[in-house]
>>> print(open('query_10.csv').read())   # CSV, C-alpha atoms and all ligand atoms
chain,number,residue,atom,x,y,z
A,1,MET,CA,-23.7,-2.2,-18.3
A,2,SER,CA,-25.0,-5.2,-20.1
A,3,LEU,CA,-24.9,-6.1,-23.7
A,4,GLY,CA,-28.6,-5.1,-23.9
A,5,ASP,CA,-27.5,-1.5,-23.5
A,6,LEU,CA,-25.2,-1.7,-26.5
A,7,ASN,CA,-26.9,1.2,-28.3
A,8,GLN,CA,-27.3,3.4,-25.3
A,9,GLU,CA,-27.6,7.0,-26.4
A,10,GLY,CA,-24.5,9.1,-26.1
A,11,PHE,CA,-22.3,6.1,-25.5
A,12,LYS,CA,-18.8,6.6,-26.8
A,13,SER,CA,-16.2,4.1,-28.0
A,14,GLY,CA,-13.0,4.1,-29.9
A,15,PHE,CA,-9.4,3.0,-30.3
A,16,ILE,CA,-6.5,4.9,-28.6
A,17,ALA,CA,-2.9,4.1,-29.6
A,18,LEU,CA,-0.2,4.5,-27.0
A,19,ILE,CA,2.7,6.0,-28.8
A,20,GLY,CA,6.2,6.7,-27.4
A,21,ARG,CA,9.8,5.8,-27.3
A,22,PRO,CA,10.7,2.4,-25.9
A,23,ASN,CA,10.6,2.3,-22.1
A,24,VAL,CA,8.5,5.4,-21.5
A,25,GLY,CA,5.9,3.4,-19.7
A,26,LYS,CA,3.3,2.5,-22.3
A,27,SER,CA,2.6,-1.0,-21.0
A,28,THR,CA,2.6,0.2,-17.4
A,29,PHE,CA,-0.1,2.7,-18.3
A,30,ILE,CA,-2.2,-0.1,-19.9
A,31,ASN,CA,-2.0,-2.2,-16.7
A,32,LYS,CA,-2.8,0.8,-14.5
A,33,PHE,CA,-5.8,1.9,-16.6
A,34,ILE,CA,-7.3,-1.6,-16.7
A,35,GLY,CA,-6.4,-2.4,-13.1
A,36,GLU,CA,-4.9,-5.8,-13.9
A,37,LYS,CA,-1.8,-7.0,-15.5
A,38,ILE,CA,-2.2,-7.5,-19.2
A,39,ALA,CA,0.9,-6.0,-20.8
A,40,ILE,CA,4.4,-7.2,-19.8
A,41,THR,CA,6.7,-4.5,-18.6
A,42,SER,CA,10.4,-4.5,-17.8
A,43,PRO,CA,13.2,-2.1,-17.4
A,44,ILE,CA,14.7,-3.4,-20.6
A,45,ALA,CA,13.6,-1.4,-23.7
A,46,GLN,CA,11.5,-3.0,-26.4
A,47,THR,CA,9.6,-5.5,-24.3
A,48,THR,CA,6.4,-5.2,-26.1
A,49,ARG,CA,6.4,-7.1,-29.4
A,50,ASN,CA,2.8,-7.9,-30.3
A,51,ARG,CA,0.1,-5.3,-30.6
A,52,LEU,CA,-2.1,-5.9,-27.6
A,53,LYS,CA,-5.5,-4.4,-27.1
A,54,ALA,CA,-6.7,-3.6,-23.6
A,55,ILE,CA,-10.3,-2.8,-23.1
A,56,LEU,CA,-11.7,-0.4,-20.5
A,57,THR,CA,-15.5,-0.4,-20.2
A,58,ASN,CA,-17.1,2.4,-18.1
A,59,GLU,CA,-20.7,3.3,-17.7
A,60,ASN,CA,-20.7,5.7,-20.7
A,61,SER,CA,-17.7,4.6,-22.7
A,62,GLN,CA,-15.5,1.8,-23.9
A,63,ILE,CA,-11.9,2.7,-24.6
A,64,ILE,CA,-9.8,0.2,-26.5
A,65,PHE,CA,-6.1,0.9,-25.9
A,66,VAL,CA,-3.6,-0.3,-28.5
A,67,ASP,CA,-0.2,-1.0,-26.9
A,68,THR,CA,2.5,-0.5,-29.5
A,69,PRO,CA,6.1,-1.4,-29.7
A,70,GLY,CA,8.2,1.7,-29.0
A,71,ILE,CA,9.3,3.8,-32.0
A,72,HIS,CA,13.0,3.7,-32.4
A,73,LYS,CA,15.6,3.2,-35.1
A,74,PRO,CA,15.4,-0.4,-36.3
A,75,HIS,CA,18.5,-2.6,-36.2
A,76,HIS,CA,17.3,-5.9,-37.6
A,77,LEU,CA,14.3,-7.4,-39.2
A,78,LEU,CA,12.3,-7.8,-36.0
A,79,GLY,CA,13.1,-4.2,-35.1
A,80,GLU,CA,11.8,-3.1,-38.5
A,81,ARG,CA,8.6,-5.0,-38.1
A,82,LEU,CA,8.0,-3.5,-34.7
A,83,VAL,CA,8.4,0.1,-36.0
A,84,GLN,CA,6.1,-0.6,-38.9
A,85,SER,CA,3.6,-2.0,-36.5
A,86,ALA,CA,3.7,1.1,-34.3
A,87,LYS,CA,3.3,3.5,-37.3
A,88,ARG,CA,0.5,1.4,-38.7
A,89,SER,CA,-1.4,1.6,-35.4
A,90,ILE,CA,-1.5,5.4,-35.6
A,91,GLY,CA,-3.4,5.1,-38.9
A,92,GLU,CA,-6.1,2.9,-37.4
A,93,VAL,CA,-7.1,4.8,-34.3
A,94,ASP,CA,-9.4,7.6,-33.1
A,95,ALA,CA,-6.9,9.3,-30.9
A,96,VAL,CA,-3.3,9.0,-29.7
A,97,LEU,CA,-2.0,9.0,-26.2
A,98,ALA,CA,1.5,10.2,-26.6
A,99,ILE,CA,3.8,9.4,-23.8
A,100,PHE,CA,7.0,11.2,-23.0
A,101,GLU,CA,9.4,10.6,-20.2
A,102,ALA,CA,9.3,13.7,-18.0
A,103,SER,CA,12.3,12.5,-16.0
A,104,HIS,CA,14.5,14.0,-18.7
A,105,SER,CA,14.3,17.1,-20.9
A,106,PRO,CA,12.9,16.5,-24.5
A,107,GLY,CA,15.7,15.2,-26.8
A,108,ARG,CA,16.3,14.1,-30.3
A,109,GLY,CA,14.3,10.9,-30.1
A,110,ASP,CA,11.3,12.8,-28.7
A,111,ALA,CA,11.6,15.2,-31.6
A,112,PHE,CA,11.2,12.3,-34.0
A,113,ILE,CA,7.9,11.3,-32.3
A,114,LEU,CA,6.8,14.9,-32.2
A,115,ASN,CA,7.2,15.3,-35.9
A,116,LEU,CA,5.4,12.0,-36.6
A,117,LEU,CA,2.4,13.1,-34.4
A,118,ARG,CA,2.2,16.7,-35.8
A,119,LYS,CA,1.1,15.3,-39.1
A,120,LEU,CA,-2.0,13.6,-37.6
A,121,LYS,CA,-5.5,14.8,-38.0
A,122,ILE,CA,-6.8,13.0,-34.9
A,123,PRO,CA,-6.6,14.3,-31.3
A,124,VAL,CA,-3.4,13.8,-29.4
A,125,ILE,CA,-3.3,13.7,-25.6
A,126,VAL,CA,0.1,13.9,-24.0
A,127,ALA,CA,1.2,12.2,-20.8
A,128,LEU,CA,4.4,13.5,-19.2
A,129,ASN,CA,5.1,10.2,-17.5
A,130,LYS,CA,7.4,9.3,-14.6
A,131,TRP,CA,6.6,12.6,-12.9
A,132,ASP,CA,7.2,10.8,-9.6
A,133,LEU,CA,10.9,10.8,-10.4
A,134,LEU,CA,11.1,14.6,-10.3
A,135,GLU,CA,12.1,16.7,-7.4
A,136,LEU,CA,9.5,19.4,-6.5
A,137,SER,CA,12.0,22.1,-7.5
A,138,GLN,CA,12.1,20.7,-11.0
A,139,PHE,CA,8.3,20.7,-11.7
A,140,LYS,CA,7.9,24.2,-13.2
A,141,GLU,CA,11.0,24.1,-15.3
A,142,ARG,CA,10.4,20.6,-16.8
A,143,GLU,CA,6.8,21.4,-17.6
A,144,LYS,CA,7.8,24.6,-19.4
A,145,GLU,CA,10.4,22.7,-21.4
A,146,TYR,CA,7.8,20.3,-22.7
A,147,LEU,CA,5.1,23.0,-23.3
A,148,ASP,CA,7.6,24.9,-25.3
A,149,PHE,CA,8.5,21.7,-27.1
A,150,PHE,CA,4.8,21.1,-28.0
A,151,GLU,CA,4.3,24.8,-29.1
A,152,GLY,CA,2.0,25.2,-32.1
A,153,THR,CA,0.0,22.1,-31.3
A,154,ASN,CA,-3.5,22.0,-29.7
A,155,TRP,CA,-2.6,18.9,-27.6
A,156,SER,CA,-3.7,18.6,-24.0
A,157,VAL,CA,-0.8,17.9,-21.7
A,158,PHE,CA,-0.9,16.1,-18.3
A,159,ARG,CA,1.6,15.4,-15.6
A,160,CYS,CA,1.4,11.7,-14.8
A,161,SER,CA,2.8,8.7,-13.2
A,162,ALA,CA,1.8,5.3,-14.5
A,163,PHE,CA,3.5,3.9,-11.5
A,164,THR,CA,1.7,5.7,-8.7
A,165,GLY,CA,-1.5,6.4,-10.8
A,166,GLN,CA,-1.1,10.2,-10.5
A,167,GLY,CA,-2.9,11.9,-13.4
A,168,CYS,CA,-4.4,8.7,-14.7
A,169,ARG,CA,-8.1,9.6,-13.9
A,170,GLU,CA,-7.6,13.0,-15.6
A,171,LEU,CA,-6.2,11.2,-18.7
A,172,ILE,CA,-9.1,8.8,-18.9
A,173,SER,CA,-11.7,11.6,-18.7
A,174,GLU,CA,-9.8,13.6,-21.4
A,175,ILE,CA,-9.7,10.5,-23.6
A,176,GLU,CA,-13.4,9.9,-23.1
A,177,LYS,CA,-14.1,13.5,-24.2
A,178,LYS,CA,-12.2,12.9,-27.5
A,179,LEU,CA,-13.8,9.6,-28.3
A,180,PRO,CA,-16.5,9.5,-31.0
A,181,VAL,CA,-20.0,8.4,-30.2
A,182,GLY,CA,-20.3,4.7,-30.9
A,183,PRO,CA,-21.5,1.4,-29.7
A,184,GLN,CA,-19.9,-1.0,-27.2
A,185,LEU,CA,-17.6,-3.1,-29.3
A,186,TYR,CA,-16.5,-5.8,-26.8
A,187,PRO,CA,-18.4,-7.4,-23.9
A,188,SER,CA,-18.0,-5.5,-20.6
A,189,HIS,CA,-16.0,-8.2,-18.8
A,190,MET,CA,-13.4,-8.5,-21.6
A,191,THR,CA,-10.2,-6.7,-20.7
A,192,CYS,CA,-7.8,-8.0,-23.4
A,193,ASP,CA,-8.1,-9.3,-26.9
A,194,HIS,CA,-5.4,-12.0,-26.6
A,195,PRO,CA,-6.1,-15.5,-25.4
A,196,GLU,CA,-4.7,-16.6,-22.0
A,197,LYS,CA,-2.2,-18.8,-23.8
A,198,PHE,CA,-0.5,-15.8,-25.3
A,199,LEU,CA,-0.4,-14.0,-21.9
A,200,MET,CA,1.2,-17.0,-20.3
A,201,ALA,CA,4.0,-17.0,-22.9
A,202,GLU,CA,4.4,-13.2,-22.4
A,203,PHE,CA,4.7,-13.6,-18.6
A,204,ILE,CA,7.4,-16.2,-19.0
A,205,ARG,CA,9.3,-14.0,-21.5
A,206,GLU,CA,9.0,-11.1,-19.0
A,207,GLN,CA,10.6,-13.2,-16.2
A,208,VAL,CA,13.4,-14.2,-18.6
A,209,LEU,CA,14.1,-10.5,-19.3
A,210,ILE,CA,13.9,-9.5,-15.6
A,211,ASN,CA,16.0,-12.3,-14.3
A,212,THR,CA,18.7,-12.4,-16.9
A,213,ARG,CA,18.9,-8.6,-17.6
A,214,GLU,CA,21.0,-7.6,-20.5
A,215,GLU,CA,22.7,-11.0,-20.8
A,216,VAL,CA,19.9,-12.6,-22.8
A,217,PRO,CA,18.5,-9.6,-24.6
A,218,HIS,CA,15.7,-9.7,-27.1
A,219,SER,CA,16.6,-13.0,-28.7
A,220,VAL,CA,14.0,-14.8,-26.6
A,221,ALA,CA,10.8,-16.3,-27.8
A,222,VAL,CA,8.4,-18.5,-25.7
A,223,SER,CA,6.0,-21.0,-27.1
A,224,ILE,CA,3.4,-22.8,-25.0
A,225,ASP,CA,3.5,-26.4,-26.1
A,226,LYS,CA,0.9,-28.1,-24.0
A,227,ILE,CA,-1.7,-27.1,-21.4
A,228,GLN,CA,-3.7,-29.8,-19.5
A,229,ASP,CA,-5.5,-30.3,-16.3
A,230,ILE,CA,-3.6,-32.4,-13.7
A,231,HIS,CA,-5.6,-34.2,-11.1
A,232,SER,CA,-3.8,-35.4,-8.0
A,233,LYS,CA,-5.4,-37.4,-5.2
A,234,GLY,CA,-8.8,-38.0,-6.6
A,235,LYS,CA,-10.9,-35.8,-8.9
A,236,SER,CA,-11.9,-33.0,-6.6
A,237,ASN,CA,-11.3,-29.5,-7.9
A,238,LYS,CA,-9.3,-28.7,-4.8
A,239,ASN,CA,-6.4,-30.8,-6.1
A,240,LEU,CA,-6.7,-29.6,-9.7
A,241,ARG,CA,-3.7,-28.0,-11.2
A,242,LEU,CA,-3.1,-26.7,-14.6
A,243,GLY,CA,0.0,-28.3,-16.2
A,244,ILE,CA,1.9,-26.1,-18.7
A,245,LEU,CA,4.8,-27.2,-20.8
A,246,ALA,CA,6.6,-24.3,-22.4
A,247,THR,CA,9.8,-23.8,-24.5
A,248,ILE,CA,12.1,-20.8,-24.3
A,249,CYS,CA,13.9,-20.3,-27.5
A,250,VAL,CA,17.2,-18.4,-27.7
A,251,GLU,CA,19.6,-17.7,-30.6
A,252,LYS,CA,22.9,-18.8,-29.1
A,253,LYS,CA,24.2,-21.8,-27.1
A,254,SER,CA,25.8,-19.3,-24.6
A,255,GLN,CA,22.4,-17.8,-23.9
A,256,LYS,CA,21.0,-21.2,-23.2
A,257,GLY,CA,23.7,-21.7,-20.6
A,258,ILE,CA,22.8,-18.3,-18.9
A,259,LEU,CA,19.1,-19.2,-18.9
A,260,ILE,CA,19.7,-22.5,-17.3
A,261,GLY,CA,22.2,-21.2,-14.8
A,262,LYS,CA,24.5,-23.0,-12.4
A,263,GLY,CA,22.8,-26.3,-11.5
A,264,GLY,CA,19.6,-25.1,-13.1
A,265,THR,CA,19.1,-22.3,-10.6
A,266,MET,CA,18.3,-19.5,-13.1
A,267,LEU,CA,15.7,-21.6,-15.0
A,268,LYS,CA,14.2,-22.6,-11.6
A,269,LYS,CA,13.8,-19.0,-10.6
A,270,ILE,CA,12.3,-18.0,-13.9
A,271,GLY,CA,9.9,-20.9,-13.6
A,272,GLN,CA,8.9,-20.0,-10.0
A,273,ASP,CA,8.4,-16.3,-10.8
A,274,SER,CA,6.3,-16.8,-14.0
A,275,ARG,CA,4.3,-19.6,-12.3
A,276,LEU,CA,3.1,-17.1,-9.7
A,277,GLN,CA,2.1,-14.6,-12.4
A,278,ILE,CA,0.2,-17.3,-14.4
A,279,GLN,CA,-1.5,-18.5,-11.2
A,280,THR,CA,-2.9,-15.0,-10.7
A,281,LEU,CA,-4.0,-14.8,-14.3
A,282,ILE,CA,-6.0,-18.1,-14.2
A,283,ASN,CA,-6.8,-17.9,-10.5
A,284,GLY,CA,-5.7,-21.4,-9.9
A,285,ASN,CA,-2.8,-23.7,-9.2
A,286,VAL,CA,-0.2,-24.2,-11.9
A,287,TYR,CA,2.5,-26.8,-12.6
A,288,LEU,CA,5.0,-25.2,-15.0
A,289,GLU,CA,7.7,-27.1,-16.8
A,290,LEU,CA,10.2,-25.0,-18.9
A,291,PHE,CA,12.6,-26.2,-21.6
A,292,VAL,CA,15.3,-24.2,-23.3
A,293,LYS,CA,16.1,-24.6,-27.0
A,294,VAL,CA,18.6,-23.0,-29.3
A,295,VAL,CA,17.1,-21.7,-32.6
A,296,PRO,CA,19.9,-19.9,-34.4
A,297,ASP,CA,19.1,-16.5,-35.8
A,298,TRP,CA,15.3,-16.7,-35.4
A,299,ARG,CA,14.9,-12.9,-35.4
A,300,SER,CA,16.3,-12.5,-38.9
A,301,LYS,CA,14.3,-15.2,-40.5
A,302,SER,CA,10.9,-14.2,-41.7
A,303,SER,CA,9.4,-17.7,-41.5
A,304,ARG,CA,10.6,-18.1,-38.0
A,305,LEU,CA,9.0,-14.7,-37.0
A,306,ASN,CA,5.7,-16.0,-38.2
A,307,GLU,CA,6.2,-19.2,-36.3
A,308,PHE,CA,6.6,-17.3,-33.1
A,309,GLY,CA,3.4,-15.3,-33.6
A,310,TYR,CA,4.8,-12.1,-35.1
A,311,GLU,CA,3.0,-12.6,-38.4
A,312,GLY,CA,0.4,-9.9,-38.2
A,313,ILE,CA,2.3,-7.2,-36.4
B,401,LIG,P1,7.2,0.7,-22.6
B,401,LIG,O1,8.4,0.1,-23.2
B,401,LIG,O2,6.9,2.1,-23.0
B,401,LIG,O3,6.0,-0.2,-22.6
B,401,LIG,O4,7.6,0.8,-21.0
B,401,LIG,P2,7.2,-0.1,-19.8
B,401,LIG,O5,5.8,0.1,-19.4
B,401,LIG,O6,7.7,-1.5,-20.0
B,401,LIG,O7,8.0,0.6,-18.6
B,401,LIG,C1,9.4,0.6,-18.7
B,401,LIG,C2,10.0,0.8,-17.2
B,401,LIG,O8,9.6,2.1,-16.7
B,401,LIG,C3,9.5,-0.2,-16.3
B,401,LIG,O9,10.6,-0.6,-15.4
B,401,LIG,C4,8.4,0.5,-15.5
B,401,LIG,O10,8.3,0.0,-14.2
B,401,LIG,C5,9.0,1.9,-15.4
B,401,LIG,N1,7.9,3.0,-15.3
B,401,LIG,C6,6.8,3.1,-16.1
B,401,LIG,N2,6.1,4.1,-15.7
B,401,LIG,C7,6.7,4.7,-14.6
B,401,LIG,C8,6.4,5.8,-13.8
B,401,LIG,O11,5.4,6.6,-13.9
B,401,LIG,N3,7.3,6.1,-12.8
B,401,LIG,C9,8.4,5.3,-12.6
B,401,LIG,N4,9.2,5.7,-11.6
B,401,LIG,N5,8.7,4.3,-13.4
B,401,LIG,C10,7.9,4.0,-14.4
B,402,MG,MG,5.7,-2.0,-23.7
>>> encode(input="query_10.csv", output="structure tokens", more="lines below")
Ligand code: GDP
Ligand code: MG
Amino acid sequence: MSLGDLNQEGFKSGFIALIGRPNVGKSTFINKFIGEKIAITSPIAQTTRNRLKAILTNENSQIIFVDTPGIHKPHHLLGERLVQSAKRSIGEVDAVLAIFEASHSPGRGDAFILNLLRKLKIPVIVALNKWDLLELSQFKEREKEYLDFFEGTNWSVFRCSAFTGQGCRELISEIEKKLPVGPQLYPSHMTCDHPEKFLMAEFIREQVLINTREEVPHSVAVSIDKIQDIHSKGKSNKNLRLGILATICVEKKSQKGILIGKGGTMLKKIGQDSRLQIQTLINGNVYLELFVKVVPDWRSKSSRLNEFGYEGI
């Protein structure tokens, strides 16, 4: 639809918060729904730091998904801010998509989320995610465990896989049903409310997490220092590359060593992998140069958190 149809009769729009424990697949769902990579995902919990809005515009609706950091027990200042941010999101949305990991039975952490959501007056839609990890013989039993767990609520529950896409269409149409009637809030082509510069930094951070695994945990922040066009061999667009200078900040000297790796191999790999992601994002060639800097204790210092863009979360 075009912007001229903004006030189309019966059009629905609204904000949906994705709520769930770390690692249940919130960011993977966002990417699947939107059909392109917006949120960074990784097997390491707590990957999502900033609140990211992803926008899905259909003929009759516009759904704005709010990706939230997973709800968990905070261990340091950054953790506390993340949890506050997730809780605040719940207060600002029209409905909640609650995601549980169906690959295991509901546990204590899930009960914490359940109690938080029970108090809400807005609709809750439940995705039992990672259903693809279950054996056929487990289906009935696991579904029953969760339905018993949700007893007393009027939530709609779906078996899903953010990975394969199973159940995603059904989730979207259920969300559309629960949305209030309202105008289109963002232009149709817009899929994300963050500038590309932010996404570039996030893609680099993702490759750091994936390549270094637990060795360099959450003490990583990435800043994009410079972006400029590089022309080689004349001024034709064919030879145009986007030059990006970025700094990866870690808390300890030892982490800097891990990030750089033997003879620079690790940093080279991180650079190559994130360059490919950024090239897809901007649909063009990229020259990426990465630096590593030690900034002791940045996560515990409020001023530093703001510097790295965690001000408003
Ligand atoms: P978040 O912390 O809730 O945002 O979780 P992520 O979206 O980052 O996902 C955490 C991990 O679970 C990643 O390694 C994903 O690839 C994986 N994952 C997410 N959804 C599914 C799913 O439906 N099936 C399987 N097998 N893995 C999934
Ligand atoms: Mg996430």
>>> residues_around(input="query_10.csv", residues="region 280-285 of chain A", least_positions_apart="4", cutoff="9 Å", atoms="all atoms listed in the file", output="list of chain:residue names")
A:Lys37, A:Ile38, A:Glu196, A:Leu199, A:Met200, A:Asn239, A:Leu240, A:Arg241, A:Leu242, A:Gly243, A:Arg275, A:Leu276
>>> residues_around(input="query_10.csv", residues="region 90-107 of chain A", least_positions_apart="6", cutoff="7 Å", atoms="all atoms listed in the file", output="PyMOL selection string")
chain A and resi 14-20+24+122-131+133-134+142+145-146+179
>>> write_last_selection(input="query_10.csv", atoms="C-alpha atoms", output="mmCIF file, in the coordinates of the input")
data_model
loop_
_atom_site.group_PDB
_atom_site.id
_atom_site.type_symbol
_atom_site.label_atom_id
_atom_site.label_comp_id
_atom_site.auth_asym_id
_atom_site.auth_seq_id
_atom_site.Cartn_x
_atom_site.Cartn_y
_atom_site.Cartn_z
ATOM 1 C CA GLY A 14 -13.000 4.100 -29.900
ATOM 2 C CA PHE A 15 -9.400 3.000 -30.300
ATOM 3 C CA ILE A 16 -6.500 4.900 -28.600
ATOM 4 C CA ALA A 17 -2.900 4.100 -29.600
ATOM 5 C CA LEU A 18 -0.200 4.500 -27.000
ATOM 6 C CA ILE A 19 2.700 6.000 -28.800
ATOM 7 C CA GLY A 20 6.200 6.700 -27.400
ATOM 8 C CA VAL A 24 8.500 5.400 -21.500
ATOM 9 C CA ILE A 122 -6.800 13.000 -34.900
ATOM 10 C CA PRO A 123 -6.600 14.300 -31.300
ATOM 11 C CA VAL A 124 -3.400 13.800 -29.400
ATOM 12 C CA ILE A 125 -3.300 13.700 -25.600
ATOM 13 C CA VAL A 126 0.100 13.900 -24.000
ATOM 14 C CA ALA A 127 1.200 12.200 -20.800
ATOM 15 C CA LEU A 128 4.400 13.500 -19.200
ATOM 16 C CA ASN A 129 5.100 10.200 -17.500
ATOM 17 C CA LYS A 130 7.400 9.300 -14.600
ATOM 18 C CA TRP A 131 6.600 12.600 -12.900
ATOM 19 C CA LEU A 133 10.900 10.800 -10.400
ATOM 20 C CA LEU A 134 11.100 14.600 -10.300
ATOM 21 C CA ARG A 142 10.400 20.600 -16.800
ATOM 22 C CA GLU A 145 10.400 22.700 -21.400
ATOM 23 C CA TYR A 146 7.800 20.300 -22.700
ATOM 24 C CA LEU A 179 -13.800 9.600 -28.300
#
>>> atom_distance(input="query_10.csv", atom1="CA of Leu185 (chain A)", atom2="CA of Ile64 (chain A)")
8.9 Å
>>> closest_residue(input="query_10.csv", among="A:Asn211, A:Ser156, A:Ser223, A:Thr68", to="Phe198 (chain A)", atoms="only C-alpha atoms")
A:Ser223
>>> residues_around(input="query_10.csv", residues="Ile227 (chain A)", least_positions_apart="3", cutoff="9 Å", atoms="only C-alpha atoms", output="short mmCIF file (atom, residue, chain, number, x, y, z; two decimals) with C-alpha atoms, keeping the file's coordinate frame")
data_model
loop_
_atom_site.label_atom_id
_atom_site.label_comp_id
_atom_site.auth_asym_id
_atom_site.auth_seq_id
_atom_site.Cartn_x
_atom_site.Cartn_y
_atom_site.Cartn_z
CA LYS A 197 -2.20 -18.80 -23.80
CA ILE A 224 3.40 -22.80 -25.00
CA LEU A 242 -3.10 -26.70 -14.60
CA GLY A 243 0.00 -28.30 -16.20
CA ILE A 244 1.90 -26.10 -18.70
CA LEU A 245 4.80 -27.20 -20.80
CA ALA A 246 6.60 -24.30 -22.40
#
